[in-house]
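J.: query-v9.csv is reproduced in full below (CSV, C-alpha atoms).
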chain,number,residue,atom,x,y,z
A,298,MET,CA,14.2,14.3,-39.0
A,299,SER,CA,16.5,11.6,-37.5
A,300,LEU,CA,19.5,12.3,-39.8
A,301,VAL,CA,21.1,15.6,-40.5
A,302,SER,CA,23.6,15.6,-43.4
A,303,SER,CA,26.4,18.0,-43.6
A,304,PRO,CA,28.6,16.5,-46.4
A,305,ASN,CA,31.0,19.5,-46.5
A,306,LEU,CA,32.0,19.1,-42.9
A,307,THR,CA,35.7,19.8,-42.2
A,308,THR,CA,37.2,17.0,-40.2
A,309,PRO,CA,39.1,18.2,-37.1
A,310,LEU,CA,42.4,16.5,-36.5
A,311,PHE,CA,41.8,13.3,-34.5
A,312,ARG,CA,43.5,13.3,-31.1
A,313,TRP,CA,42.6,10.7,-28.5
A,314,ARG,CA,43.2,13.2,-25.7
A,315,ASN,CA,40.6,15.5,-27.2
A,316,THR,CA,37.8,13.0,-26.8
A,317,THR,CA,35.5,12.9,-23.8
A,318,PRO,CA,35.6,10.3,-21.1
A,319,ALA,CA,32.3,8.9,-22.2
A,320,GLN,CA,33.6,8.5,-25.8
A,321,ARG,CA,36.7,6.7,-24.6
A,322,ARG,CA,34.7,4.4,-22.4
A,323,THR,CA,32.2,3.5,-25.0
A,324,VAL,CA,34.9,2.6,-27.5
A,325,LEU,CA,36.8,0.6,-24.9
A,326,ALA,CA,33.6,-1.3,-23.8
A,327,ALA,CA,32.5,-2.0,-27.4
A,328,GLY,CA,36.0,-2.9,-28.5
A,329,LEU,CA,36.6,-5.3,-25.6
A,330,GLY,CA,33.2,-6.9,-26.2
A,331,TRP,CA,33.8,-7.3,-29.9
A,332,GLY,CA,37.4,-8.5,-29.5
A,333,LEU,CA,36.3,-11.1,-26.8
A,334,ASP,CA,33.4,-12.1,-29.1
A,335,ALA,CA,36.1,-12.9,-31.7
A,336,PHE,CA,38.1,-14.7,-29.1
A,337,ASP,CA,35.3,-17.0,-28.2
A,338,VAL,CA,33.8,-17.5,-31.6
A,339,MET,CA,37.2,-18.2,-33.4
A,340,LEU,CA,38.3,-20.7,-30.8
A,341,TYR,CA,36.2,-23.2,-32.8
A,342,SER,CA,37.9,-22.5,-36.1
A,343,ILE,CA,41.3,-22.7,-34.4
A,344,VAL,CA,40.7,-26.2,-32.9
A,345,LEU,CA,38.6,-27.3,-35.9
A,346,ALA,CA,41.2,-29.8,-37.2
A,347,THR,CA,41.4,-31.3,-33.6
A,348,LEU,CA,37.6,-31.5,-33.4
A,349,MET,CA,37.3,-33.2,-36.8
A,350,ARG,CA,39.6,-35.9,-35.5
A,351,GLU,CA,37.9,-36.2,-32.1
A,352,PHE,CA,34.4,-36.6,-33.4
A,353,GLY,CA,35.2,-38.0,-36.8
A,354,MET,CA,33.6,-35.0,-38.6
A,355,SER,CA,33.8,-34.5,-42.3
A,356,LYS,CA,34.5,-31.0,-43.7
A,357,SER,CA,30.9,-30.6,-44.6
A,358,THR,CA,29.7,-31.4,-41.0
A,359,ALA,CA,32.4,-29.1,-39.5
A,360,GLY,CA,31.2,-26.3,-41.8
A,361,PHE,CA,27.6,-26.9,-40.9
A,362,LEU,CA,28.3,-26.4,-37.2
A,363,ASN,CA,29.8,-22.9,-38.0
A,364,SER,CA,26.8,-22.2,-40.2
A,365,LEU,CA,24.5,-23.0,-37.3
A,366,THR,CA,26.2,-20.5,-35.2
A,367,LEU,CA,25.8,-17.8,-37.9
A,368,ILE,CA,22.1,-18.6,-38.2
A,369,ALA,CA,21.7,-18.2,-34.5
A,370,SER,CA,23.5,-14.9,-34.6
A,371,ALA,CA,20.8,-13.6,-37.0
A,372,LEU,CA,18.1,-14.6,-34.6
A,373,GLY,CA,20.1,-13.1,-31.7
A,374,SER,CA,20.6,-9.8,-33.5
A,375,PHE,CA,16.9,-9.2,-33.9
A,376,ALA,CA,16.1,-10.1,-30.3
A,377,PHE,CA,19.0,-8.1,-28.8
A,378,GLY,CA,18.4,-5.3,-31.2
A,379,LEU,CA,14.8,-4.9,-30.0
A,380,LEU,CA,16.1,-5.0,-26.4
A,381,ALA,CA,18.7,-2.4,-27.1
A,382,ASP,CA,16.2,0.0,-28.7
A,383,ARG,CA,13.8,-0.4,-25.7
A,384,THR,CA,16.0,-0.9,-22.6
A,385,GLY,CA,19.4,0.6,-23.5
A,386,ARG,CA,22.6,-0.1,-25.3
A,387,ARG,CA,24.8,-0.7,-22.2
A,388,ARG,CA,22.5,-3.3,-20.6
A,389,THR,CA,22.1,-5.2,-23.9
A,390,LEU,CA,25.9,-5.2,-24.5
A,391,SER,CA,26.4,-6.7,-21.1
A,392,LEU,CA,23.8,-9.4,-21.6
A,393,SER,CA,25.1,-10.4,-25.0
A,394,ILE,CA,28.7,-10.8,-23.6
A,395,LEU,CA,27.4,-12.9,-20.8
A,396,THR,CA,25.5,-15.1,-23.2
A,397,TYR,CA,28.4,-15.9,-25.6
A,398,SER,CA,30.9,-16.4,-22.7
A,399,LEU,CA,28.8,-18.9,-20.8
A,400,TRP,CA,27.9,-21.0,-23.9
A,401,THR,CA,31.6,-21.0,-25.1
A,402,PHE,CA,32.4,-22.5,-21.7
A,403,ALA,CA,29.7,-25.1,-22.2
A,404,CYS,CA,31.3,-26.2,-25.5
A,405,GLY,CA,34.0,-27.7,-23.4
A,406,PHE,CA,31.6,-30.3,-22.1
A,407,SER,CA,30.5,-31.5,-25.5
A,408,THR,CA,30.4,-35.3,-25.9
A,409,SER,CA,29.1,-35.5,-29.4
A,410,VAL,CA,28.6,-33.4,-32.6
A,411,ALA,CA,24.9,-32.9,-31.5
A,412,THR,CA,25.8,-31.4,-28.1
A,413,LEU,CA,28.5,-29.2,-29.6
A,414,ALA,CA,25.9,-28.0,-32.2
A,415,VAL,CA,23.4,-27.0,-29.4
A,416,PHE,CA,26.1,-25.1,-27.5
A,417,ARG,CA,27.3,-23.4,-30.6
A,418,PHE,CA,23.8,-22.3,-31.4
A,419,PHE,CA,23.3,-20.6,-28.1
A,420,LEU,CA,26.7,-19.0,-28.4
A,421,GLY,CA,25.6,-17.5,-31.7
A,422,LEU,CA,22.6,-15.8,-30.1
A,423,GLY,CA,25.0,-13.7,-27.9
A,424,MET,CA,27.4,-13.2,-30.7
A,425,GLY,CA,24.6,-11.7,-32.8
A,426,GLY,CA,23.6,-9.2,-30.1
A,427,GLU,CA,27.1,-7.8,-29.2
A,428,TRP,CA,27.7,-5.9,-32.5
A,429,ASN,CA,24.2,-4.2,-32.4
A,430,ALA,CA,24.6,-2.8,-29.0
A,431,GLY,CA,28.3,-2.0,-29.1
A,432,ALA,CA,28.2,-0.3,-32.5
A,433,THR,CA,25.1,1.7,-31.7
A,434,LEU,CA,26.6,2.7,-28.3
A,435,VAL,CA,29.7,4.2,-30.0
A,436,ALA,CA,27.9,5.7,-33.0
A,437,GLU,CA,25.5,7.6,-30.7
A,438,THR,CA,28.3,8.9,-28.5
A,439,TRP,CA,30.9,10.0,-31.2
A,440,PRO,CA,30.6,13.0,-33.6
A,441,SER,CA,30.2,12.3,-37.3
A,442,TYR,CA,33.7,13.5,-38.2
A,443,TRP,CA,35.4,10.9,-36.0
A,444,ARG,CA,32.7,8.2,-36.1
A,445,ALA,CA,34.4,6.0,-38.7
A,446,ARG,CA,37.7,6.1,-36.8
A,447,ALA,CA,35.9,5.2,-33.5
A,448,LEU,CA,34.1,2.2,-35.1
A,449,ALA,CA,37.3,1.2,-36.8
A,450,ILE,CA,39.0,1.0,-33.4
A,451,VAL,CA,36.1,-1.1,-32.2
A,452,GLN,CA,36.1,-3.4,-35.2
A,453,SER,CA,39.9,-3.7,-35.2
A,454,SER,CA,39.6,-5.5,-31.8
A,455,TRP,CA,38.2,-8.5,-33.7
A,456,ALA,CA,41.7,-9.0,-35.1
A,457,LEU,CA,43.2,-8.7,-31.6
A,458,GLY,CA,40.7,-11.2,-30.2
A,459,TYR,CA,41.4,-13.6,-33.1
A,460,ALA,CA,45.1,-13.4,-32.5
A,461,LEU,CA,44.6,-13.9,-28.8
A,462,ALA,CA,42.5,-16.9,-29.5
A,463,ALA,CA,45.3,-18.4,-31.6
A,464,VAL,CA,47.9,-17.8,-28.9
A,465,VAL,CA,45.7,-19.1,-26.0
A,466,ALA,CA,44.6,-22.1,-28.0
A,467,GLY,CA,48.3,-22.9,-28.9
A,468,VAL,CA,49.4,-22.6,-25.2
A,469,VAL,CA,46.4,-24.7,-23.9
A,470,LEU,CA,46.7,-27.4,-26.5
A,471,ALA,CA,50.4,-27.8,-25.7
A,472,ARG,CA,49.5,-28.6,-22.1
A,473,GLY,CA,45.9,-29.9,-22.2
A,474,ASN,CA,43.1,-30.9,-24.6
A,475,TRP,CA,40.7,-29.0,-26.7
A,476,ARG,CA,38.1,-28.8,-23.8
A,477,TRP,CA,40.2,-26.4,-21.9
A,478,VAL,CA,40.4,-24.1,-24.9
A,479,PHE,CA,36.6,-23.6,-24.6
A,480,PHE,CA,36.7,-23.4,-20.8
A,481,VAL,CA,39.0,-20.3,-21.1
A,482,GLY,CA,36.2,-18.7,-23.1
A,483,VAL,CA,34.2,-17.9,-20.0
A,484,LEU,CA,36.6,-15.1,-19.0
A,485,PRO,CA,35.0,-12.3,-21.1
A,486,ALA,CA,32.0,-12.5,-18.7
A,487,LEU,CA,34.0,-10.6,-16.2
A,488,LEU,CA,33.9,-7.6,-18.4
A,489,ILE,CA,30.2,-6.9,-17.7
A,490,PHE,CA,30.9,-5.7,-14.2
A,491,TRP,CA,32.9,-2.8,-15.5
A,492,ILE,CA,30.5,-2.0,-18.3
A,493,GLN,CA,27.5,-1.7,-15.9
A,494,GLN,CA,29.5,0.6,-13.6
A,495,GLY,CA,31.7,2.6,-15.8
A,496,VAL,CA,30.1,3.0,-19.2
A,497,PRO,CA,27.3,5.6,-19.7
A,498,GLU,CA,24.2,5.2,-21.9
A,499,PRO,CA,24.4,7.6,-24.9
A,500,GLU,CA,22.7,11.0,-24.2
A,501,LEU,CA,21.0,10.7,-27.6
A,502,TRP,CA,19.3,7.4,-26.6
A,503,LYS,CA,18.3,8.7,-23.2
A,504,ARG,CA,16.6,11.7,-24.8
A,505,HIS,CA,14.6,9.5,-27.0
A,506,ALA,CA,13.8,7.1,-24.2
A,507,ALA,CA,12.5,10.0,-22.1
A,508,ALA,CA,10.4,11.5,-24.9
A,509,GLN,CA,7.0,10.3,-25.8
A,510,PRO,CA,7.2,6.6,-26.8
A,511,VAL,CA,7.2,5.8,-30.5
A,512,LEU,CA,3.8,4.4,-31.4
A,513,PRO,CA,3.7,1.1,-33.4
A,514,VAL,CA,2.2,2.9,-36.4
A,515,GLU,CA,5.1,5.4,-36.4
A,516,ARG,CA,7.6,2.6,-36.0
A,517,ARG,CA,6.1,0.8,-39.0
A,518,ARG,CA,6.4,4.0,-41.0
A,519,LEU,CA,10.1,4.3,-40.1
A,520,TRP,CA,10.7,0.7,-41.3
A,521,ARG,CA,9.0,1.4,-44.6
A,522,THR,CA,11.1,4.5,-45.1
A,523,ILE,CA,14.4,2.7,-44.6
A,524,LEU,CA,13.7,-0.5,-46.6
A,525,PRO,CA,15.5,0.5,-49.8
A,526,ARG,CA,18.7,1.4,-48.0
A,527,LEU,CA,18.3,-1.5,-45.6
A,528,PHE,CA,18.1,-4.1,-48.5
A,529,ALA,CA,21.1,-2.5,-50.3
A,530,LEU,CA,23.3,-2.7,-47.2
A,531,LEU,CA,22.0,-6.2,-46.4
A,532,GLY,CA,23.0,-7.4,-49.8
A,533,THR,CA,26.4,-6.0,-49.5
A,534,ASN,CA,26.9,-7.5,-46.0
A,535,THR,CA,25.5,-10.9,-47.2
A,536,PHE,CA,27.9,-11.3,-50.1
A,537,GLY,CA,30.8,-9.9,-48.0
A,538,MET,CA,30.1,-12.2,-45.1
A,539,PHE,CA,29.7,-15.2,-47.3
A,540,ALA,CA,33.2,-14.5,-48.6
A,541,TRP,CA,34.6,-13.8,-45.1
A,542,TRP,CA,33.1,-16.8,-43.3
A,543,GLY,CA,33.9,-19.1,-46.1
A,544,LEU,CA,37.5,-17.9,-46.2
A,545,PHE,CA,38.4,-17.4,-42.5
A,546,THR,CA,36.5,-20.4,-41.1
A,547,TRP,CA,38.6,-22.6,-43.3
A,548,ILE,CA,42.0,-20.9,-43.2
A,549,PRO,CA,43.1,-22.5,-39.9
A,550,ALA,CA,42.1,-26.0,-41.0
A,551,TYR,CA,43.6,-25.4,-44.4
A,552,LEU,CA,47.0,-24.6,-42.8
A,553,ALA,CA,46.8,-27.4,-40.3
A,554,LEU,CA,45.6,-30.3,-42.5
A,555,PRO,CA,48.2,-32.5,-44.1
A,556,ILE,CA,49.2,-31.7,-47.7
A,557,GLU,CA,47.8,-35.1,-48.8
A,558,ARG,CA,44.4,-33.9,-47.5
A,559,GLY,CA,44.5,-30.6,-49.4
A,560,GLY,CA,46.1,-28.6,-46.6
A,561,ARG,CA,49.5,-27.0,-46.1
A,562,GLY,CA,50.8,-29.2,-43.3
A,563,PHE,CA,51.8,-26.4,-40.9
A,564,ASN,CA,53.1,-27.6,-37.5
A,565,GLN,CA,51.6,-26.1,-34.3
A,566,VAL,CA,54.2,-23.4,-33.8
A,567,ASP,CA,54.1,-22.3,-37.5
A,568,PHE,CA,50.3,-22.4,-37.4
A,569,THR,CA,50.0,-20.2,-34.3
A,570,THR,CA,52.6,-17.8,-35.6
A,571,PHE,CA,50.9,-17.5,-38.9
A,572,LEU,CA,47.5,-16.7,-37.4
A,573,VAL,CA,49.0,-14.1,-35.1
A,574,LEU,CA,50.8,-12.4,-38.0
A,575,LEU,CA,47.7,-12.7,-40.2
A,576,ASN,CA,45.7,-10.7,-37.7
A,577,LEU,CA,48.2,-8.2,-36.6
A,578,CYS,CA,49.7,-7.5,-40.1
A,579,GLY,CA,46.5,-8.0,-42.2
A,580,MET,CA,43.2,-7.5,-40.3
A,581,PHE,CA,44.2,-5.0,-37.7
A,582,PRO,CA,45.7,-2.3,-39.9
A,583,GLY,CA,43.0,-2.9,-42.5
A,584,TYR,CA,40.3,-1.9,-40.0
A,585,LEU,CA,42.1,1.2,-38.8
A,586,LEU,CA,43.0,2.5,-42.2
A,587,PHE,CA,39.4,2.1,-43.3
A,588,GLY,CA,38.3,4.5,-40.6
A,589,VAL,CA,40.8,7.1,-41.6
A,590,LEU,CA,39.9,6.8,-45.3
A,591,ALA,CA,36.1,6.8,-44.7
A,592,ASP,CA,36.3,9.9,-42.6
A,593,ARG,CA,38.3,11.7,-45.2
A,594,PHE,CA,37.0,10.4,-48.5
A,595,GLY,CA,33.5,9.0,-47.7
A,596,ARG,CA,32.1,5.7,-46.5
A,597,LYS,CA,30.7,4.3,-49.8
A,598,ARG,CA,33.8,5.0,-51.9
A,599,THR,CA,36.1,3.4,-49.3
A,600,LEU,CA,33.8,0.4,-48.9
A,601,ILE,CA,33.6,-0.4,-52.6
A,602,GLY,CA,37.4,0.0,-53.0
A,603,TYR,CA,38.1,-2.4,-50.2
A,604,LEU,CA,35.7,-5.1,-51.5
A,605,LEU,CA,37.1,-4.9,-55.0
A,606,LEU,CA,40.7,-5.2,-53.7
A,607,ALA,CA,39.6,-8.2,-51.6
A,608,ALA,CA,38.2,-9.9,-54.6
A,609,LEU,CA,41.4,-9.4,-56.5
A,610,SER,CA,43.7,-10.6,-53.7
A,611,VAL,CA,42.0,-13.8,-52.6
A,612,PRO,CA,42.9,-15.9,-55.7
A,613,GLY,CA,46.6,-15.2,-55.0
A,614,PHE,CA,46.2,-16.7,-51.6
A,615,ALA,CA,44.2,-19.7,-53.0
A,616,TRP,CA,47.0,-20.8,-55.2
A,617,ALA,CA,50.0,-19.8,-53.0
A,618,ARG,CA,52.3,-22.7,-52.1
A,619,GLU,CA,55.4,-21.3,-50.4
A,620,PRO,CA,54.9,-20.3,-46.7
A,621,GLY,CA,56.2,-16.8,-47.2
A,622,PHE,CA,53.9,-16.2,-50.1
A,623,ILE,CA,51.0,-17.8,-48.3
A,624,LEU,CA,51.5,-15.3,-45.4
A,625,LEU,CA,51.8,-12.3,-47.8
A,626,THR,CA,48.7,-13.1,-49.9
A,627,ALA,CA,46.7,-14.1,-46.8
A,628,SER,CA,47.6,-10.8,-45.1
A,629,VAL,CA,46.6,-8.7,-48.1
A,630,SER,CA,43.3,-10.6,-48.4
A,631,ALA,CA,42.7,-10.1,-44.6
A,632,PHE,CA,43.5,-6.4,-44.9
A,633,PHE,CA,40.8,-5.7,-47.4
A,634,GLY,CA,38.5,-8.6,-46.9
A,635,THR,CA,38.1,-7.9,-43.2
A,636,GLY,CA,38.6,-4.1,-43.1
A,637,PHE,CA,35.4,-3.6,-45.1
A,638,PHE,CA,33.3,-4.5,-42.1
A,639,VAL,CA,34.0,-1.0,-40.6
A,640,GLY,CA,32.0,0.4,-43.5
A,641,SER,CA,29.1,-1.8,-42.7
A,642,GLY,CA,29.0,-0.5,-39.1
A,643,VAL,CA,29.4,3.1,-40.0
A,644,LEU,CA,26.9,3.1,-42.8
A,645,GLY,CA,24.4,1.1,-40.8
A,646,SER,CA,24.6,3.5,-37.8
A,647,GLU,CA,24.2,6.6,-40.0
A,648,LEU,CA,21.5,5.2,-42.4
A,649,PHE,CA,18.9,4.4,-39.7
A,650,PRO,CA,16.9,6.6,-37.2
A,651,THR,CA,17.5,6.4,-33.5
A,652,ALA,CA,14.2,4.8,-32.6
A,653,ILE,CA,15.0,1.6,-34.6
A,654,ARG,CA,18.8,2.0,-35.0
A,655,ALA,CA,20.0,-1.0,-33.0
A,656,THR,CA,17.3,-3.3,-34.5
A,657,ALA,CA,17.9,-2.1,-38.1
A,658,LEU,CA,21.7,-2.3,-37.7
A,659,GLY,CA,21.3,-5.8,-36.4
A,660,VAL,CA,19.1,-6.8,-39.3
A,661,SER,CA,21.6,-5.4,-41.9
A,662,TYR,CA,24.6,-7.0,-40.2
A,663,ASN,CA,23.5,-10.2,-38.4
A,664,VAL,CA,20.7,-11.2,-40.8
A,665,ALA,CA,23.5,-11.1,-43.4
A,666,ARG,CA,25.3,-13.5,-41.1
A,667,GLY,CA,22.3,-15.8,-41.2
A,668,LEU,CA,21.9,-15.6,-44.9
A,669,SER,CA,25.6,-16.2,-45.4
A,670,ALA,CA,25.6,-19.0,-42.8
A,671,PHE,CA,26.0,-21.7,-45.4
A,672,ALA,CA,29.3,-20.3,-46.5
A,673,PRO,CA,31.4,-22.6,-44.2
A,674,LEU,CA,29.3,-25.6,-45.3
A,675,VAL,CA,29.5,-24.7,-49.0
A,676,ILE,CA,33.2,-24.0,-49.0
A,677,GLY,CA,33.8,-27.1,-46.9
A,678,ALA,CA,31.8,-29.2,-49.5
A,679,MET,CA,33.8,-27.6,-52.3
A,680,GLY,CA,37.0,-28.4,-50.4
A,681,GLU,CA,35.9,-32.0,-50.0
A,682,HIS,CA,35.4,-32.5,-53.8
A,683,TYR,CA,37.7,-30.0,-55.5
A,684,GLY,CA,40.1,-28.7,-52.9
A,685,LEU,CA,39.9,-25.6,-50.7
A,686,GLY,CA,41.7,-23.5,-53.3
A,687,TRP,CA,38.6,-23.6,-55.5
A,688,GLY,CA,36.5,-22.8,-52.5
A,689,PHE,CA,38.5,-19.8,-51.7
A,690,ALA,CA,38.2,-18.7,-55.4
A,691,ALA,CA,34.4,-18.7,-54.9
A,692,CYS,CA,34.9,-16.3,-51.9
A,693,ALA,CA,36.6,-13.9,-54.3
A,694,VAL,CA,33.5,-13.9,-56.5
A,695,ALA,CA,31.4,-13.2,-53.5
A,696,PHE,CA,33.6,-10.2,-52.6
A,697,ALA,CA,33.0,-8.8,-56.1
A,698,CYS,CA,29.3,-9.3,-55.8
A,699,ALA,CA,29.4,-7.3,-52.5
A,700,ALA,CA,31.1,-4.4,-54.3
A,701,VAL,CA,28.3,-4.3,-56.9
A,702,SER,CA,25.6,-4.3,-54.2
A,703,ALA,CA,27.4,-1.5,-52.4
A,704,LEU,CA,26.8,0.7,-55.4
A,705,PHE,CA,23.2,1.0,-54.3
A,706,VAL,CA,24.0,2.1,-50.7
A,707,PRO,CA,23.6,5.8,-50.1
A,708,GLU,CA,26.6,7.8,-49.0
A,709,THR,CA,26.3,9.0,-45.4
A,710,HIS,CA,29.5,11.0,-45.0
A,711,GLY,CA,28.9,14.0,-42.7
A,712,THR,CA,25.6,12.7,-41.3
A,713,GLU,CA,24.8,13.9,-37.8
A,714,LEU,CA,22.6,11.7,-35.6
A,715,ALA,CA,19.6,13.3,-34.0
Any chance you could put this one into structure tokens?
T.:
Amino acid sequence: MSLVSSPNLTTPLFRWRNTTPAQRRTVLAAGLGWGLDAFDVMLYSIVLATLMREFGMSKSTAGFLNSLTLIASALGSFAFGLLADRTGRRRTLSLSILTYSLWTFACGFSTSVATLAVFRFFLGLGMGGEWNAGATLVAETWPSYWRARALAIVQSSWALGYALAAVVAGVVLARGNWRWVFFVGVLPALLIFWIQQGVPEPELWKRHAAAQPVLPVERRRLWRTILPRLFALLGTNTFGMFAWWGLFTWIPAYLALPIERGGRGFNQVDFTTFLVLLNLCGMFPGYLLFGVLADRFGRKRTLIGYLLLAALSVPGFAWAREPGFILLTASVSAFFGTGFFVGSGVLGSELFPTAIRATALGVSYNVARGLSAFAPLVIGAMGEHYGLGWGFAACAVAFACAAVSALFVPETHGTELA
């Protein structure tokens, strides 16, 4: 058996100093990789209003470019997932970081919408692979009673990367043009030198790699066994990601666009401050609290609760007009509407056997990205015709659908990986 369940497990008190060096390094490596992934990916959303002026893009075209990146991430997740299951989690993590960093840098050389689309597509391939390798690396190194907390720490780095992107983009745009914003995106590539030298492969994966290879017929049997739980988690992720990408791709442009064009007319300083506060007061604590609640009360219950509260909070943001109320409602939406991703990573790592864990986790997470890839385009088109407020309301419906789909995902609380 690949999974051993012990649902009555008593959770030891979490203390960072009580973790092993290997556990700390894997969390740091995966967290940095994921945070810098957010940094590179979200640079596009933050300079989106500038790019729309530069290339004369409509909201629909701008949304399509982000959709293209998400489609590429689905393809990258499968390729990098296979690579992680066969050659190791650490090596694949390094390769994915190198991929998204170099192609973010290339975006700075874009001369047209077409070239920007090509560069964003290849960036998406690396983006798709990072989560597979990083989440699997952590899940296979940490015990079940702290696994949700560990993955919450990793996932919370997305908020820090997003906030860093907002600050860096604000500083760079004050002194240069949008191209330099993308050029800065090559810096995460430096991280791979430390990962290759200082981060160990999980002992669990090494034992499986050293054992007799899994035959194709056995691998197919494993896939048939996990299909019901895979589809349930895939449905949850697809609806949740549709809501997330539709909402957070367009929040920066929504704030920066003039009021007469359906935005909120924030100036550059207010815009940057808002995004930093949104991430640090909304997303970041939302991730961390999910890990604590999931380790204490169960993964499934926490996931459904977060999704329902996200569905209820988004309409308040959609119709907010005063800056203070916009920030408050956006932070609440970000707290629940982003924090639920921790549940996806924890459940995915515990639902699937070691031989196909990275690939299956990638399918459940990044194929959902591909299936939800049209969210930026759809919400952009709705914003073009009806205003972004109505587009954001559609995101609330998608969060509710994700909660319904999560009812069919098995509980994995107390699962030991073997």
J.: In terms of the shortest atom-to-atom distance over all atoms listed in the file, which of A:Arg598, A:Arg666, A:Arg322, A:Arg446 is closest to A:Ala369?
T.: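 Closest residue, counting all atoms listed in the file: A:Arg666.
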J.: When distances are computed from all atoms listed in the file, which of A:Leu644, A:Val701, A:Met339, A:Ala672 shows the smallest separation from A:Val464?
T.: A:Met339
J.: Would you compute the distance between atom CA of A:Leu527 and atom CA of A:Phe375? Give it in Å to one decimal.
T.: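 About the pair atom CA of A:Leu527 and atom CA of A:Phe375: they are 14.1 Å apart.
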J.: Excluding A:Val483 and its own-chain neighbours fewer than 2 positions away, which residues fall within 9 Å of it when counting only C-alpha atoms? Please give them as a PDB file with C-alpha atoms, in the coordinates of the input.
T.:
ATOM      1  CA  ASP A 337      35.300 -17.000 -28.200  1.00  0.00           C
ATOM      2  CA  LEU A 395      27.400 -12.900 -20.800  1.00  0.00           C
ATOM      3  CA  TYR A 397      28.400 -15.900 -25.600  1.00  0.00           C
ATOM      4  CA  SER A 398      30.900 -16.400 -22.700  1.00  0.00           C
ATOM      5  CA  LEU A 399      28.800 -18.900 -20.800  1.00  0.00           C
ATOM      6  CA  TRP A 400      27.900 -21.000 -23.900  1.00  0.00           C
ATOM      7  CA  THR A 401      31.600 -21.000 -25.100  1.00  0.00           C
ATOM      8  CA  PHE A 402      32.400 -22.500 -21.700  1.00  0.00           C
ATOM      9  CA  ALA A 403      29.700 -25.100 -22.200  1.00  0.00           C
ATOM     10  CA  PHE A 479      36.600 -23.600 -24.600  1.00  0.00           C
ATOM     11  CA  PHE A 480      36.700 -23.400 -20.800  1.00  0.00           C
ATOM     12  CA  VAL A 481      39.000 -20.300 -21.100  1.00  0.00           C
ATOM     13  CA  PRO A 485      35.000 -12.300 -21.100  1.00  0.00           C
ATOM     14  CA  ALA A 486      32.000 -12.500 -18.700  1.00  0.00           C
ATOM     15  CA  LEU A 487      34.000 -10.600 -16.200  1.00  0.00           C
TER      16      LEU A 487
END
J.: What's the separation between atom CA of A:Val468 and atom CA of A:Leu624, in Å to one decimal place?
T.: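 About the pair atom CA of A:Val468 and atom CA of A:Leu624: they are 21.6 Å apart.
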J.: Tell me, in Å to one decimal, how far atom CA of A:Ala335 is from atom CA of A:His710.
T.: 28.1 Å
J.: Show which residues sit within 8 Å of A:Gln493, as a list in words. Count all atoms listed in the file, and ignore same-chain residues fewer than 5 positions away.
T.: Arg387, Arg388 and Ser391 of chain A
J.: Do you know which residues are at most 10 Å from A:Phe528 counting only C-alpha atoms, after dropping those on the same chain fewer than 3 positions away, and could you put them as a PDB file with C-alpha atoms, keeping the file's coordinate frame?
T.:
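Writing the result to around.pdb gives the following:
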ATOM      1  CA  ILE A 523      14.400   2.700 -44.600  1.00  0.00           C
ATOM      2  CA  LEU A 524      13.700  -0.500 -46.600  1.00  0.00           C
ATOM      3  CA  PRO A 525      15.500   0.500 -49.800  1.00  0.00           C
ATOM      4  CA  LEU A 531      22.000  -6.200 -46.400  1.00  0.00           C
ATOM      5  CA  GLY A 532      23.000  -7.400 -49.800  1.00  0.00           C
ATOM      6  CA  THR A 533      26.400  -6.000 -49.500  1.00  0.00           C
ATOM      7  CA  ASN A 534      26.900  -7.500 -46.000  1.00  0.00           C
ATOM      8  CA  VAL A 660      19.100  -6.800 -39.300  1.00  0.00           C
ATOM      9  CA  SER A 661      21.600  -5.400 -41.900  1.00  0.00           C
ATOM     10  CA  SER A 702      25.600  -4.300 -54.200  1.00  0.00           C
ATOM     11  CA  PHE A 705      23.200   1.000 -54.300  1.00  0.00           C
ATOM     12  CA  VAL A 706      24.000   2.100 -50.700  1.00  0.00           C
TER      13      VAL A 706
END
J.: Using only C-alpha atoms, can you tell me which of A:Gly579, A:Pro612, A:Pro318, A:Pro513 comes closest to A:Trp439?
T.: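 Closest residue, counting only C-alpha atoms: A:Pro318.
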J.: Using all atoms listed in the file and a cutoff of 8 Å, can you tell me which residues are near (42.4, -26.4, -50.6) in the file's coordinates, and write them out as JSON, numbers by chain?
T.: {"A": [551, 559, 560, 615, 680, 683, 684, 685, 686, 687, 688, 689]}
J.: Could you please give me, as a compact mmCIF listing (two decimals) with C-alpha atoms, in the frame of the given file, the residues of protein, DNA or RNA lying at most 7 Å from (13.2, 4.9, -38.2) in the coordinate frame of the file, considering only C-alpha atoms?
T.:
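After the write, point_28.txt holds the following:
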# COMPACT_ATOMS: atom_id res chain seq x y z
CA ARG A 516 7.60 2.60 -36.00
CA LEU A 519 10.10 4.30 -40.10
CA TRP A 520 10.70 0.70 -41.30
CA ILE A 523 14.40 2.70 -44.60
CA PHE A 649 18.90 4.40 -39.70
CA PRO A 650 16.90 6.60 -37.20
CA THR A 651 17.50 6.40 -33.50
CA ALA A 652 14.20 4.80 -32.60
CA ILE A 653 15.00 1.60 -34.60
J.: Write out as a PyMOL selection string the residues lying within 9 Å of A:Leu648, counting only C-alpha atoms and excluding same-chain residues fewer than 4 positions away.
T.: chain A and resi 300+523+526-527+643-644+654+658+707-709+712
J.: Excluding A:Asn576 and its own-chain neighbours fewer than 2 positions away, which residues fall within 12 Å of it when counting all atoms listed in the file? Please give them as a PyMOL selection string.
T.: chain A and resi 332+335+453-464+545+569-574+578-584+624-625+627-636
J.: Between A:Ala449, A:Glu713, A:Arg518, A:Gly360, which residue has the minimum interatomic distance to A:Val589, considering only C-alpha atoms?
T.: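 Using only C-alpha atoms, the shortest distance to A:Val589 belongs to A:Ala449.
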